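One structure below.
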Amino acid sequence: MGEELLFTVQESQAGSRLDRLVMQYLSRPSPSRSRVQDWIRDGYIFLDGTACLKPAYKLSAGQKVQVFTREGNEELEPAAGNLDIVYMDRDMVVVNKAPGISVHPSSSDPAPTLVNYLLHACPGLGLMADRQRPGIVHRLDKDTTGLMVAALNQEAQEDLAGQFAARLVHKTYLALVCGTLEHDEGRIEVPLARDQQSRTRVAPSSEGRSARTAYRVLKRDPGGLWTLVQVQLFTGRTHQIRVHFSHLKHPVLGDRIYGGTNWERFGWRKKYLPRLVKRQQLHSWCLGISHPVSRQWLEFSSRPPGDFVRTLLWLNRQCQKVVITGSMGSGKSGVLAYFKNRGFPVFCADKCVDELYQPGSEGWIMLRKRFGYRFTPHDDEPVDKKKLLAAVMQDSGLMDEITHLIHPLVGHRLEEFWEKNADKRLALAEIPLWFESGMAGGRDCLNVGVFCPDYLRRKRICSNRGWSPDVFEGLDAMQFSQPKKIKRCQVVVDNSRNFQGLVDQTAALERVLKGLRRKKAGMYLKHFKNMACNP
């Protein structure tokens with residue numbers, strides 16, 4: 001248990017800071033000033049019966065101060081833990097703090113903390129004057145990761161603390177923030193103070209302490225959903241980065257306190273982000289400091305942890321869009337059916353055209369307006385494909401005209417298909433006239449061509465559809481030649497054998513597509529890691 005203390009502020013003590021005056025009245029050996037400040041912020045010290053949460057509050061004569069202390073001099077127990085030590089000598093240690101670990105014990109978050117782990121790794125810390133925060137000269141929030149420096153003796157602690165107080169330490173962070181920052185670089189100079197409504201929050205305040213942050217954009221999401229920024233701190237206020245970016249309406253992704261978990265802004269991604277992002281995506285990336293004894297300037301950097309990298313990779317993930325094309329009878333439908341059976345979303349242009357030709361549909365109405373009752377003789381029946389085929393065989397120019405009428409409608413539905421399946425790893429569309437229609441231009445798709453020898457295509461088409469060789473040759477001549485189509489494709493499926501051969505070739509295609517997705521993710525990961533290692 002702690003002690004209860006009650007005293008009245010004297011005339012000679014008017015204007016004193018609350019934390020400093022409380023320390024004068026506490027029994028010896030007294031706890032550290034930072035410990036007393038924690039009591040104040042946690043609501044254990046009252047002024048005239050009301051909790052005061054400001055350690056720097058200036059007292060007036062006659063005020064009654066009531067202190068309900070917590071045990072301030074209890075010994076901290078060393079704890080074995082997975083402490084990632086980046087650098088250590090006899091005077092200082094630099095660690096890479098993991099997420100979910102508090103720097104030191106508090107009333108709301110008891111041990112084990114980083115201090116407990118440091119006591120186990122560096123037993124000499126237990127001999128320092130501050131028994132509650134031995135060696136600690138700065139802090140990171142519990143769910144912020146990255147580099148921290150701690151002193152290993154009293155002289156080093158005083159020197160390092162002085163460097164932080166004089167703003168001589170170089171501190172750089174990586175942050176994933178919501179939305180797109182307008183400028184590539186910027187400074188945020190907004191004073192900060194404890195939120196009057198909640199003692200766990202910090203808020204912008206004209207009466208607060210000065211706070212200065214600089215940032216540089218490293219990568220923007222093309223869709224405007226997020227930005228990766230490099231952040232430099234010139235002051236070290238509590239929650240400074242988090243509050244400053246929240247003030248700009250771009251909170252740190254995953255920050256529950258300052259608005260970084262408003263998943264609605266992320267569209268379809270809102271289903272997955274809460275499971276992926278469990279904390280604010282903020283990492284202490286680089287640390288530059290003078291050695292407390294040798295005065296040598298030391299610089300350290302650390303890669304972001306796995307959850308940060310996974311989040312960034314996932315946010316960069318895009319659906320792999322694949323278009324399957326080829327000449328008539330090449331086997332495109334068989335390839336599409338394979339992927340459909342594998343559970344991937346598919347789009348079929350021929351099926352789409354059938355839907356557009358239904359009575360009252362856009363394509364049906366367009367043909368009725370252009371050609372009257374020639375191909376739509378009945379109001380309640382679809383487009384007469386036999387008449388349309390016969391007319392096309394008589395007039396090759398008619399094929400081009402119908403293509404220009406119908407294929408923009410197909411292209412619109414294709415875009416709806418891509419958008420609907422934006423959250424999928426892979427989506428495929430079978431479009432026979434992909435190149436002829438002009439739809440291929442300007443679209444970020446992988447073109448897969450299905451090849452089949454001409455004699456086999458002719459045999460299959462004439463057998464399955466009952467066409468004469470002349471009809472096949474006539475329609476085939478209205479499309480790009482098979483060599484011309486295949487030349488424009490990045491990947492080719494060879495359908496020169498039997499059905500099982502096509503299945504084997506399509507299974508190989510699936511492996512190729514998966515490999516391309518992994519390669520793309522690997523290239524981005526390599527780029528990001530290189531960037532993270534070379535500030």
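Labels for the structure tokens follow display order: chains A, B, ..., residues from 1 in each chain, ligands from 1.
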Item checked: Nearby residues (only C-alpha atoms) at most 12 Å from Leu398 in chain A, same-chain spacing under 3 positions excluded, as a PyMOL selection string -> chain A and resi 367+370-371+388-395+401-405+475+478
Requested write-out: C-alpha atoms of the selected residues, as a CSV table (one decimal), in the first residue's frame:
```csv
chain,number,residue,atom,x,y,z
A,367,LEU,CA,-29.8,-2.6,-82.8
A,370,ARG,CA,-30.0,1.4,-85.8
A,371,PHE,CA,-31.5,-1.4,-88.0
A,388,LEU,CA,-27.4,-11.4,-88.0
A,389,LEU,CA,-24.9,-14.1,-89.0
A,390,ALA,CA,-26.3,-14.3,-92.5
A,391,ALA,CA,-26.1,-10.5,-92.9
A,392,VAL,CA,-22.5,-10.4,-91.6
A,393,MET,CA,-21.5,-13.1,-94.1
A,394,GLN,CA,-22.9,-11.0,-96.9
A,395,ASP,CA,-21.4,-7.7,-95.7
A,401,GLU,CA,-20.4,-1.6,-87.3
A,402,ILE,CA,-22.0,-4.0,-84.8
A,403,THR,CA,-18.6,-4.4,-83.0
A,404,HIS,CA,-18.5,-0.6,-82.5
A,405,LEU,CA,-22.1,-0.6,-81.2
A,475,LEU,CA,-15.9,-15.3,-90.1
A,478,MET,CA,-13.0,-10.9,-90.2
```
| task | Name all residues at most 10 Å from Arg460 in chain A (count only C-alpha atoms; drop same-chain ones fewer than 6 positions away) and give them as number ranges by chain. | result | A: 328-331, 454, 466-467
Using only C-alpha atoms, please write the residues we just selected to a file, as a tab-separated table (two decimals), in the first residue's frame.
```
chain	number	residue	atom	x	y	z
A	328	MET	CA	-12.50	-19.19	-82.97
A	329	GLY	CA	-12.40	-22.78	-81.75
A	330	SER	CA	-9.03	-22.45	-80.03
A	331	GLY	CA	-10.30	-23.65	-76.62
A	454	ASP	CA	-6.10	-24.04	-87.84
A	466	GLY	CA	-22.91	-27.18	-87.65
A	467	TRP	CA	-21.18	-24.52	-89.76
```
field: Counting only C-alpha atoms, the option among A:Glu77, A:Lys142, A:His283, A:Leu233 closest to Gly126 in chain A
entry: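 Once distances to Gly126 in chain A are computed over only C-alpha atoms, the minimum belongs to A:Glu77.
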Query raised in the report: Skipping near chain neighbours, those fewer than 2 positions away, what residues fall within 8 Å of range 196-208 of chain A using only C-alpha atoms, listed as JSON, numbers by chain?
Result: {"A": [41, 42, 53, 190, 191, 192, 193, 194, 210, 238, 239, 243, 244, 247, 257]}
Go ahead and write the selection's residues with all heavy atoms as a compact mmCIF listing (two decimals), in the first residue's frame.
```
# COMPACT_ATOMS: atom_id res chain seq x y z
N ARG A 41 -1.10 12.29 -13.23
CA ARG A 41 -1.86 12.02 -14.45
C ARG A 41 -2.88 10.91 -14.25
O ARG A 41 -3.91 10.86 -14.92
CB ARG A 41 -0.90 11.63 -15.58
CG ARG A 41 0.04 12.77 -16.00
CD ARG A 41 0.82 12.38 -17.25
NE ARG A 41 1.79 13.42 -17.62
CZ ARG A 41 3.09 13.34 -17.36
NH1 ARG A 41 3.59 12.26 -16.76
NH2 ARG A 41 3.90 14.30 -17.72
N ASP A 42 -2.59 9.98 -13.32
CA ASP A 42 -3.52 8.88 -13.06
C ASP A 42 -4.61 9.25 -12.07
O ASP A 42 -5.46 8.42 -11.74
CB ASP A 42 -2.75 7.66 -12.55
CG ASP A 42 -1.90 7.01 -13.63
OD1 ASP A 42 -2.14 7.31 -14.81
OD2 ASP A 42 -0.99 6.23 -13.30
N LEU A 53 -4.78 16.80 -12.97
CA LEU A 53 -4.05 15.90 -13.86
C LEU A 53 -2.85 16.56 -14.51
O LEU A 53 -2.23 15.99 -15.40
CB LEU A 53 -4.99 15.39 -14.96
CG LEU A 53 -6.29 14.72 -14.48
CD1 LEU A 53 -7.12 14.26 -15.66
CD2 LEU A 53 -5.98 13.54 -13.58
N VAL A 190 2.07 22.53 -34.16
CA VAL A 190 0.82 22.71 -33.42
C VAL A 190 1.09 22.37 -31.95
O VAL A 190 1.48 21.24 -31.64
CB VAL A 190 -0.29 21.79 -33.97
CG1 VAL A 190 -1.57 21.94 -33.16
CG2 VAL A 190 -0.55 22.08 -35.45
N PRO A 191 0.90 23.31 -31.02
CA PRO A 191 1.13 23.03 -29.59
C PRO A 191 0.19 21.93 -29.10
O PRO A 191 -0.96 21.82 -29.56
CB PRO A 191 0.84 24.37 -28.91
CG PRO A 191 0.93 25.39 -30.00
CD PRO A 191 0.50 24.71 -31.25
N LEU A 192 0.65 21.15 -28.14
CA LEU A 192 -0.12 20.02 -27.63
C LEU A 192 -0.25 20.10 -26.12
O LEU A 192 0.65 20.57 -25.43
CB LEU A 192 0.55 18.69 -28.02
CG LEU A 192 0.77 18.45 -29.52
CD1 LEU A 192 1.51 17.14 -29.73
CD2 LEU A 192 -0.55 18.45 -30.28
N ALA A 193 -1.39 19.60 -25.62
CA ALA A 193 -1.64 19.56 -24.18
C ALA A 193 -2.54 18.37 -23.88
O ALA A 193 -3.18 17.81 -24.78
CB ALA A 193 -2.29 20.86 -23.70
N ARG A 194 -2.60 17.98 -22.63
CA ARG A 194 -3.50 16.91 -22.22
C ARG A 194 -4.94 17.31 -22.52
O ARG A 194 -5.36 18.44 -22.27
CB ARG A 194 -3.36 16.63 -20.73
CG ARG A 194 -2.11 15.85 -20.37
CD ARG A 194 -2.24 14.40 -20.73
NE ARG A 194 -0.98 13.67 -20.52
CZ ARG A 194 -0.82 12.39 -20.76
NH1 ARG A 194 -1.82 11.67 -21.25
NH2 ARG A 194 0.34 11.81 -20.55
N SER A 210 4.94 23.65 -27.11
CA SER A 210 5.27 23.65 -28.54
C SER A 210 5.62 22.24 -29.00
O SER A 210 6.24 21.46 -28.27
CB SER A 210 6.44 24.60 -28.81
OG SER A 210 7.61 24.13 -28.16
N THR A 238 4.17 13.74 -25.81
CA THR A 238 3.39 12.51 -25.76
C THR A 238 2.44 12.42 -26.95
O THR A 238 1.73 13.38 -27.26
CB THR A 238 2.58 12.46 -24.45
OG1 THR A 238 3.48 12.51 -23.34
CG2 THR A 238 1.75 11.17 -24.37
N HIS A 239 2.47 11.28 -27.65
CA HIS A 239 1.59 11.01 -28.80
C HIS A 239 1.76 12.04 -29.92
O HIS A 239 0.84 12.23 -30.73
CB HIS A 239 0.12 11.00 -28.36
CG HIS A 239 -0.22 9.93 -27.39
ND1 HIS A 239 -1.49 9.78 -26.87
CD2 HIS A 239 0.54 8.96 -26.81
CE1 HIS A 239 -1.50 8.77 -26.01
NE2 HIS A 239 -0.27 8.25 -25.96
N VAL A 243 -1.06 12.62 -32.84
CA VAL A 243 -1.98 13.76 -32.73
C VAL A 243 -1.80 14.72 -33.90
O VAL A 243 -2.77 15.24 -34.46
CB VAL A 243 -1.77 14.50 -31.39
CG1 VAL A 243 -2.69 15.71 -31.30
CG2 VAL A 243 -2.03 13.56 -30.23
N HIS A 244 -0.55 14.95 -34.30
CA HIS A 244 -0.31 15.89 -35.40
C HIS A 244 -0.94 15.40 -36.70
O HIS A 244 -1.56 16.18 -37.43
CB HIS A 244 1.19 16.10 -35.58
CG HIS A 244 1.72 17.23 -34.75
ND1 HIS A 244 3.05 17.56 -34.68
CD2 HIS A 244 1.08 18.14 -33.96
CE1 HIS A 244 3.21 18.61 -33.90
NE2 HIS A 244 2.03 18.98 -33.45
N HIS A 247 -4.59 15.67 -36.54
CA HIS A 247 -4.97 17.08 -36.72
C HIS A 247 -5.05 17.44 -38.21
O HIS A 247 -5.88 18.27 -38.61
CB HIS A 247 -3.93 17.97 -36.02
CG HIS A 247 -4.18 19.43 -36.17
ND1 HIS A 247 -5.23 20.08 -35.56
CD2 HIS A 247 -3.51 20.39 -36.89
CE1 HIS A 247 -5.20 21.37 -35.89
NE2 HIS A 247 -4.17 21.58 -36.70
N ILE A 257 -7.20 5.58 -30.79
CA ILE A 257 -7.52 6.77 -30.00
C ILE A 257 -7.77 7.99 -30.88
O ILE A 257 -8.64 8.80 -30.61
CB ILE A 257 -6.39 7.07 -28.99
CG1 ILE A 257 -6.25 5.90 -28.00
CG2 ILE A 257 -6.63 8.37 -28.25
CD1 ILE A 257 -5.14 6.09 -26.98
```
Using only C-alpha atoms, what table do you get, as a tab-separated table, when you list each residue of range 124-237 of chain A with an atom no more than 10 Å from range 291-306 of chain A, its nearest pair of atoms, and their distance in Å rounded to one decimal, rows by chain then rising number?
```
residue	atom	partner	partner_atom	distance
A:Thr145	CA	A:Pro305	CA	7.5
A:Gly146	CA	A:Ser302	CA	6.7
A:Leu147	CA	A:Ser302	CA	6.9
A:Met148	CA	A:Phe300	CA	9.9
A:Ala151	CA	A:Pro292	CA	8.7
A:Glu155	CA	A:Pro292	CA	8.1
A:Ala156	CA	A:Pro292	CA	5.4
A:Gln157	CA	A:Pro292	CA	8.2
A:Glu158	CA	A:Pro292	CA	8.8
A:Asp159	CA	A:Pro292	CA	5.7
A:Leu160	CA	A:Pro292	CA	6.2
A:Ala161	CA	A:Pro292	CA	9.8
A:Gly162	CA	A:Pro292	CA	9.9
A:Gln163	CA	A:Pro292	CA	9.0
A:Val169	CA	A:Trp297	CA	9.9
A:His170	CA	A:Glu299	CA	8.6
A:Lys171	CA	A:Glu299	CA	10.0
A:Thr172	CA	A:Ser301	CA	9.1
A:Tyr173	CA	A:Pro304	CA	9.8
A:Leu174	CA	A:Pro304	CA	8.0
A:Ala175	CA	A:Pro304	CA	9.9
```
Residues just named, written with all heavy atoms as a compact mmCIF listing (two decimals), in the first residue's frame:
```txt
# COMPACT_ATOMS: atom_id res chain seq x y z
N THR A 145 6.62 0.61 -32.41
CA THR A 145 7.79 -0.26 -32.44
C THR A 145 9.04 0.55 -32.80
O THR A 145 8.97 1.70 -33.20
CB THR A 145 7.62 -1.36 -33.49
OG1 THR A 145 7.39 -0.75 -34.77
CG2 THR A 145 6.44 -2.25 -33.15
N GLY A 146 10.19 -0.11 -32.63
CA GLY A 146 11.42 0.47 -33.16
C GLY A 146 12.46 0.82 -32.12
O GLY A 146 12.47 0.34 -30.99
N LEU A 147 13.37 1.69 -32.52
CA LEU A 147 14.60 1.96 -31.78
C LEU A 147 14.40 2.83 -30.55
O LEU A 147 13.71 3.86 -30.60
CB LEU A 147 15.61 2.63 -32.71
CG LEU A 147 16.09 1.78 -33.89
CD1 LEU A 147 16.92 2.62 -34.85
CD2 LEU A 147 16.90 0.59 -33.39
N MET A 148 15.01 2.39 -29.46
CA MET A 148 15.08 3.16 -28.22
C MET A 148 16.48 3.03 -27.64
O MET A 148 17.12 1.99 -27.78
CB MET A 148 14.08 2.63 -27.18
CG MET A 148 12.67 3.12 -27.33
SD MET A 148 11.71 2.66 -25.86
CE MET A 148 12.61 3.56 -24.58
N ALA A 151 20.28 4.24 -20.92
CA ALA A 151 21.59 4.39 -20.27
C ALA A 151 21.85 3.20 -19.35
O ALA A 151 20.92 2.61 -18.79
CB ALA A 151 21.63 5.69 -19.49
N GLU A 155 25.84 8.37 -14.89
CA GLU A 155 26.46 9.44 -15.67
C GLU A 155 25.93 9.44 -17.11
O GLU A 155 25.62 10.50 -17.67
CB GLU A 155 27.98 9.30 -15.66
CG GLU A 155 28.64 9.50 -14.31
CD GLU A 155 28.45 8.31 -13.38
OE1 GLU A 155 28.04 7.21 -13.87
OE2 GLU A 155 28.68 8.46 -12.18
N ALA A 156 25.83 8.24 -17.69
CA ALA A 156 25.32 8.15 -19.05
C ALA A 156 23.86 8.60 -19.12
O ALA A 156 23.44 9.25 -20.09
CB ALA A 156 25.45 6.72 -19.57
N GLN A 157 23.08 8.27 -18.10
CA GLN A 157 21.68 8.67 -18.11
C GLN A 157 21.54 10.18 -18.09
O GLN A 157 20.73 10.75 -18.83
CB GLN A 157 20.93 8.08 -16.92
CG GLN A 157 19.45 8.46 -16.90
CD GLN A 157 18.62 7.57 -16.01
OE1 GLN A 157 19.14 6.74 -15.29
NE2 GLN A 157 17.31 7.74 -16.08
N GLU A 158 22.34 10.84 -17.28
CA GLU A 158 22.25 12.30 -17.22
C GLU A 158 22.66 12.93 -18.55
O GLU A 158 22.05 13.89 -19.01
CB GLU A 158 23.14 12.82 -16.09
CG GLU A 158 22.63 12.42 -14.70
CD GLU A 158 23.60 12.81 -13.60
OE1 GLU A 158 24.65 13.42 -13.93
OE2 GLU A 158 23.31 12.51 -12.42
N ASP A 159 23.68 12.36 -19.20
CA ASP A 159 24.13 12.91 -20.48
C ASP A 159 23.10 12.68 -21.58
O ASP A 159 22.76 13.60 -22.35
CB ASP A 159 25.47 12.27 -20.88
CG ASP A 159 26.01 12.86 -22.17
OD1 ASP A 159 25.62 12.38 -23.25
OD2 ASP A 159 26.80 13.83 -22.10
N LEU A 160 22.60 11.46 -21.68
CA LEU A 160 21.61 11.17 -22.73
C LEU A 160 20.33 11.95 -22.53
O LEU A 160 19.73 12.45 -23.49
CB LEU A 160 21.32 9.66 -22.76
CG LEU A 160 22.48 8.76 -23.19
CD1 LEU A 160 22.08 7.29 -23.06
CD2 LEU A 160 22.90 9.07 -24.62
N ALA A 161 19.88 12.05 -21.27
CA ALA A 161 18.68 12.84 -20.99
C ALA A 161 18.89 14.29 -21.39
O ALA A 161 17.98 14.94 -21.91
CB ALA A 161 18.31 12.74 -19.51
N GLY A 162 20.13 14.79 -21.16
CA GLY A 162 20.43 16.17 -21.56
C GLY A 162 20.39 16.35 -23.06
O GLY A 162 19.93 17.39 -23.57
N GLN A 163 20.84 15.34 -23.82
CA GLN A 163 20.78 15.42 -25.28
C GLN A 163 19.34 15.49 -25.77
O GLN A 163 19.01 16.25 -26.69
CB GLN A 163 21.49 14.23 -25.91
CG GLN A 163 23.00 14.22 -25.74
CD GLN A 163 23.64 13.11 -26.56
OE1 GLN A 163 23.40 12.99 -27.76
NE2 GLN A 163 24.47 12.30 -25.90
N VAL A 169 19.14 14.91 -30.40
CA VAL A 169 18.98 13.54 -30.88
C VAL A 169 18.18 13.55 -32.17
O VAL A 169 17.18 14.26 -32.29
CB VAL A 169 18.28 12.67 -29.81
CG1 VAL A 169 18.11 11.24 -30.33
CG2 VAL A 169 19.06 12.69 -28.51
N HIS A 170 18.63 12.76 -33.14
CA HIS A 170 17.93 12.66 -34.43
C HIS A 170 16.97 11.47 -34.36
O HIS A 170 17.40 10.33 -34.19
CB HIS A 170 18.94 12.47 -35.55
CG HIS A 170 18.31 12.41 -36.91
ND1 HIS A 170 18.01 13.54 -37.66
CD2 HIS A 170 17.90 11.36 -37.66
CE1 HIS A 170 17.46 13.18 -38.81
NE2 HIS A 170 17.38 11.86 -38.83
N LYS A 171 15.68 11.72 -34.50
CA LYS A 171 14.66 10.68 -34.41
C LYS A 171 13.80 10.69 -35.67
O LYS A 171 13.18 11.70 -35.99
CB LYS A 171 13.77 10.90 -33.18
CG LYS A 171 14.49 10.79 -31.84
CD LYS A 171 13.57 11.18 -30.70
CE LYS A 171 13.33 12.68 -30.69
NZ LYS A 171 12.50 13.10 -29.54
N THR A 172 13.79 9.57 -36.37
CA THR A 172 13.00 9.46 -37.60
C THR A 172 12.10 8.23 -37.49
O THR A 172 12.54 7.16 -37.05
CB THR A 172 13.89 9.32 -38.84
OG1 THR A 172 14.81 10.42 -38.86
CG2 THR A 172 13.07 9.34 -40.11
N TYR A 173 10.85 8.39 -37.92
CA TYR A 173 9.85 7.33 -37.84
C TYR A 173 9.32 7.01 -39.24
O TYR A 173 9.38 7.84 -40.15
CB TYR A 173 8.68 7.75 -36.95
CG TYR A 173 9.02 7.90 -35.49
CD1 TYR A 173 9.78 8.98 -35.03
CD2 TYR A 173 8.56 6.98 -34.55
CE1 TYR A 173 10.09 9.13 -33.69
CE2 TYR A 173 8.86 7.13 -33.20
CZ TYR A 173 9.62 8.20 -32.78
OH TYR A 173 9.92 8.34 -31.45
N LEU A 174 8.77 5.81 -39.37
CA LEU A 174 7.94 5.45 -40.51
C LEU A 174 6.50 5.37 -40.03
O LEU A 174 6.24 4.80 -38.97
CB LEU A 174 8.35 4.10 -41.10
CG LEU A 174 9.60 4.03 -41.97
CD1 LEU A 174 9.85 2.57 -42.38
CD2 LEU A 174 9.46 4.89 -43.21
N ALA A 175 5.59 5.90 -40.83
CA ALA A 175 4.17 5.86 -40.45
C ALA A 175 3.32 5.60 -41.69
O ALA A 175 3.58 6.17 -42.75
CB ALA A 175 3.75 7.16 -39.77
```
- From range 184-289 of chain A, collect each residue whose DSSP state is alpha helix (DSSP H) and return the set as a list in words. Gln240, Ile241, Arg242, Val243, His244, Phe245, Ser246, His247, Leu273, Pro274, Arg275 and Leu276 of chain A
Practice task
Quick one: everything within 8 Å of range 495-499 of chain A, counting only C-alpha atoms, minus sequence neighbours fewer than 4 positions away in the same chain. Send it as a list in words.
Solution key: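 Once the nearby chain positions are removed, what remains is Ser330, Gly331, Val450, Phe451, Cys452, Pro453, Leu456, Val503 and Gln505 of chain A.
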Could you write out that same residue set with C-alpha atoms as a short mmCIF file (atom, residue, chain, number, x, y, z; two decimals), in the first residue's frame?
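And here's again21.cif as it stands now:
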```cif
data_model
loop_
_atom_site.label_atom_id
_atom_site.label_comp_id
_atom_site.auth_asym_id
_atom_site.auth_seq_id
_atom_site.Cartn_x
_atom_site.Cartn_y
_atom_site.Cartn_z
CA SER A 330 -9.03 -22.45 -80.03
CA GLY A 331 -10.30 -23.65 -76.62
CA VAL A 450 -4.97 -19.87 -76.52
CA PHE A 451 -3.35 -21.44 -79.59
CA CYS A 452 -4.78 -24.29 -81.65
CA PRO A 453 -3.76 -25.37 -85.17
CA LEU A 456 -8.23 -28.48 -85.55
CA VAL A 503 -6.28 -29.30 -68.76
CA GLN A 505 -1.65 -26.67 -70.01
#
```
| request: Could you find all residues in range 298-514 of chain A that DSSP calls strand (DSSP E or B) from the backbone, and write them as a PyMOL selection string? | output: chain A and resi 298-301+320-325+346-348+426-430+446-451+491-494
Keeping only N, CA, C and O atoms, write those residues as a tab-separated table (two decimals), in the first residue's frame.
```
chain	number	residue	atom	x	y	z
A	298	LEU	N	26.61	8.35	-33.30
A	298	LEU	CA	26.19	7.00	-33.64
A	298	LEU	C	24.83	7.06	-34.33
A	298	LEU	O	23.94	7.81	-33.91
A	299	GLU	N	24.68	6.27	-35.38
A	299	GLU	CA	23.39	6.20	-36.09
A	299	GLU	C	22.95	4.75	-36.21
A	299	GLU	O	23.76	3.86	-36.51
A	300	PHE	N	21.67	4.52	-35.98
A	300	PHE	CA	21.09	3.18	-36.04
A	300	PHE	C	19.81	3.22	-36.87
A	300	PHE	O	19.11	4.24	-36.91
A	301	SER	N	19.51	2.11	-37.52
A	301	SER	CA	18.24	1.99	-38.24
A	301	SER	C	17.71	0.57	-38.06
A	301	SER	O	18.49	-0.36	-37.82
A	320	GLN	N	-5.16	-9.54	-59.80
A	320	GLN	CA	-4.48	-9.89	-61.05
A	320	GLN	C	-5.55	-10.10	-62.13
A	320	GLN	O	-6.32	-11.05	-62.09
A	321	LYS	N	-5.59	-9.20	-63.09
A	321	LYS	CA	-6.60	-9.23	-64.14
A	321	LYS	C	-6.04	-9.97	-65.35
A	321	LYS	O	-5.01	-9.57	-65.90
A	322	VAL	N	-6.72	-11.02	-65.76
A	322	VAL	CA	-6.26	-11.85	-66.87
A	322	VAL	C	-7.34	-11.91	-67.94
A	322	VAL	O	-8.51	-12.19	-67.62
A	323	VAL	N	-6.97	-11.62	-69.18
A	323	VAL	CA	-7.89	-11.74	-70.31
A	323	VAL	C	-7.45	-12.92	-71.16
A	323	VAL	O	-6.30	-13.01	-71.58
A	324	ILE	N	-8.38	-13.84	-71.39
A	324	ILE	CA	-8.13	-15.01	-72.23
A	324	ILE	C	-8.72	-14.72	-73.61
A	324	ILE	O	-9.91	-14.41	-73.75
A	325	THR	N	-7.89	-14.79	-74.62
A	325	THR	CA	-8.35	-14.50	-75.98
A	325	THR	C	-7.76	-15.52	-76.95
A	325	THR	O	-6.95	-16.37	-76.57
A	346	VAL	N	-15.06	-15.31	-63.00
A	346	VAL	CA	-14.82	-15.28	-64.45
A	346	VAL	C	-15.88	-14.43	-65.13
A	346	VAL	O	-16.99	-14.24	-64.64
A	347	PHE	N	-15.49	-13.91	-66.30
A	347	PHE	CA	-16.37	-13.09	-67.14
A	347	PHE	C	-16.28	-13.65	-68.56
A	347	PHE	O	-15.18	-13.88	-69.08
A	348	CYS	N	-17.42	-13.84	-69.20
A	348	CYS	CA	-17.46	-14.37	-70.56
A	348	CYS	C	-18.12	-13.34	-71.47
A	348	CYS	O	-19.30	-12.99	-71.28
A	426	LEU	N	-7.22	-13.09	-58.09
A	426	LEU	CA	-7.20	-13.34	-59.53
A	426	LEU	C	-8.61	-13.31	-60.08
A	426	LEU	O	-9.53	-13.87	-59.47
A	427	ALA	N	-8.81	-12.65	-61.20
A	427	ALA	CA	-10.09	-12.66	-61.92
A	427	ALA	C	-9.79	-12.76	-63.40
A	427	ALA	O	-8.81	-12.18	-63.90
A	428	LEU	N	-10.62	-13.52	-64.14
A	428	LEU	CA	-10.34	-13.81	-65.54
A	428	LEU	C	-11.53	-13.48	-66.42
A	428	LEU	O	-12.69	-13.67	-66.02
A	429	ALA	N	-11.23	-12.98	-67.62
A	429	ALA	CA	-12.27	-12.64	-68.59
A	429	ALA	C	-11.92	-13.27	-69.93
A	429	ALA	O	-10.78	-13.14	-70.41
A	430	GLU	N	-12.89	-13.96	-70.54
A	430	GLU	CA	-12.71	-14.53	-71.88
A	430	GLU	C	-13.33	-13.57	-72.89
A	430	GLU	O	-14.54	-13.33	-72.88
A	446	LEU	N	-3.22	-8.86	-68.00
A	446	LEU	CA	-2.31	-9.83	-68.58
A	446	LEU	C	-3.04	-10.57	-69.69
A	446	LEU	O	-4.11	-11.15	-69.46
A	447	ASN	N	-2.51	-10.54	-70.90
A	447	ASN	CA	-3.16	-11.16	-72.04
A	447	ASN	C	-2.67	-12.59	-72.22
A	447	ASN	O	-1.47	-12.83	-72.40
A	448	VAL	N	-3.59	-13.54	-72.16
A	448	VAL	CA	-3.28	-14.96	-72.35
A	448	VAL	C	-3.93	-15.42	-73.64
A	448	VAL	O	-5.15	-15.34	-73.81
A	449	GLY	N	-3.11	-15.89	-74.56
A	449	GLY	CA	-3.63	-16.38	-75.83
A	449	GLY	C	-3.71	-17.90	-75.85
A	449	GLY	O	-2.81	-18.58	-75.37
A	450	VAL	N	-4.81	-18.42	-76.39
A	450	VAL	CA	-4.97	-19.87	-76.52
A	450	VAL	C	-4.72	-20.22	-77.99
A	450	VAL	O	-5.43	-19.74	-78.88
A	451	PHE	N	-3.72	-21.06	-78.23
A	451	PHE	CA	-3.35	-21.44	-79.59
A	451	PHE	C	-3.86	-22.84	-79.92
A	451	PHE	O	-3.79	-23.76	-79.09
A	491	VAL	N	1.36	-14.52	-72.40
A	491	VAL	CA	1.41	-15.95	-72.06
A	491	VAL	C	0.56	-16.71	-73.08
A	491	VAL	O	-0.49	-16.20	-73.52
A	492	VAL	N	1.01	-17.91	-73.48
A	492	VAL	CA	0.29	-18.70	-74.48
A	492	VAL	C	-0.01	-20.09	-73.92
A	492	VAL	O	0.86	-20.73	-73.32
A	493	VAL	N	-1.25	-20.52	-74.10
A	493	VAL	CA	-1.66	-21.89	-73.76
A	493	VAL	C	-1.77	-22.68	-75.05
A	493	VAL	O	-2.51	-22.29	-75.97
A	494	ASP	N	-1.06	-23.79	-75.14
A	494	ASP	CA	-1.04	-24.60	-76.36
A	494	ASP	C	-2.12	-25.68	-76.29
A	494	ASP	O	-2.07	-26.58	-75.45
```
Exercise for the section: Skip Asn153 in chain A itself and residues of its chain fewer than 3 positions away, then list as a list of chain:residue names all residues within 8 Å of it, counting only C-alpha atoms. Expected result: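 Near Asn153 in chain A, the qualifying residues are A:Asp91, A:Met92, A:Gly124, A:Leu125, A:Met128, A:Gly135, A:Ala156, A:Gln157.
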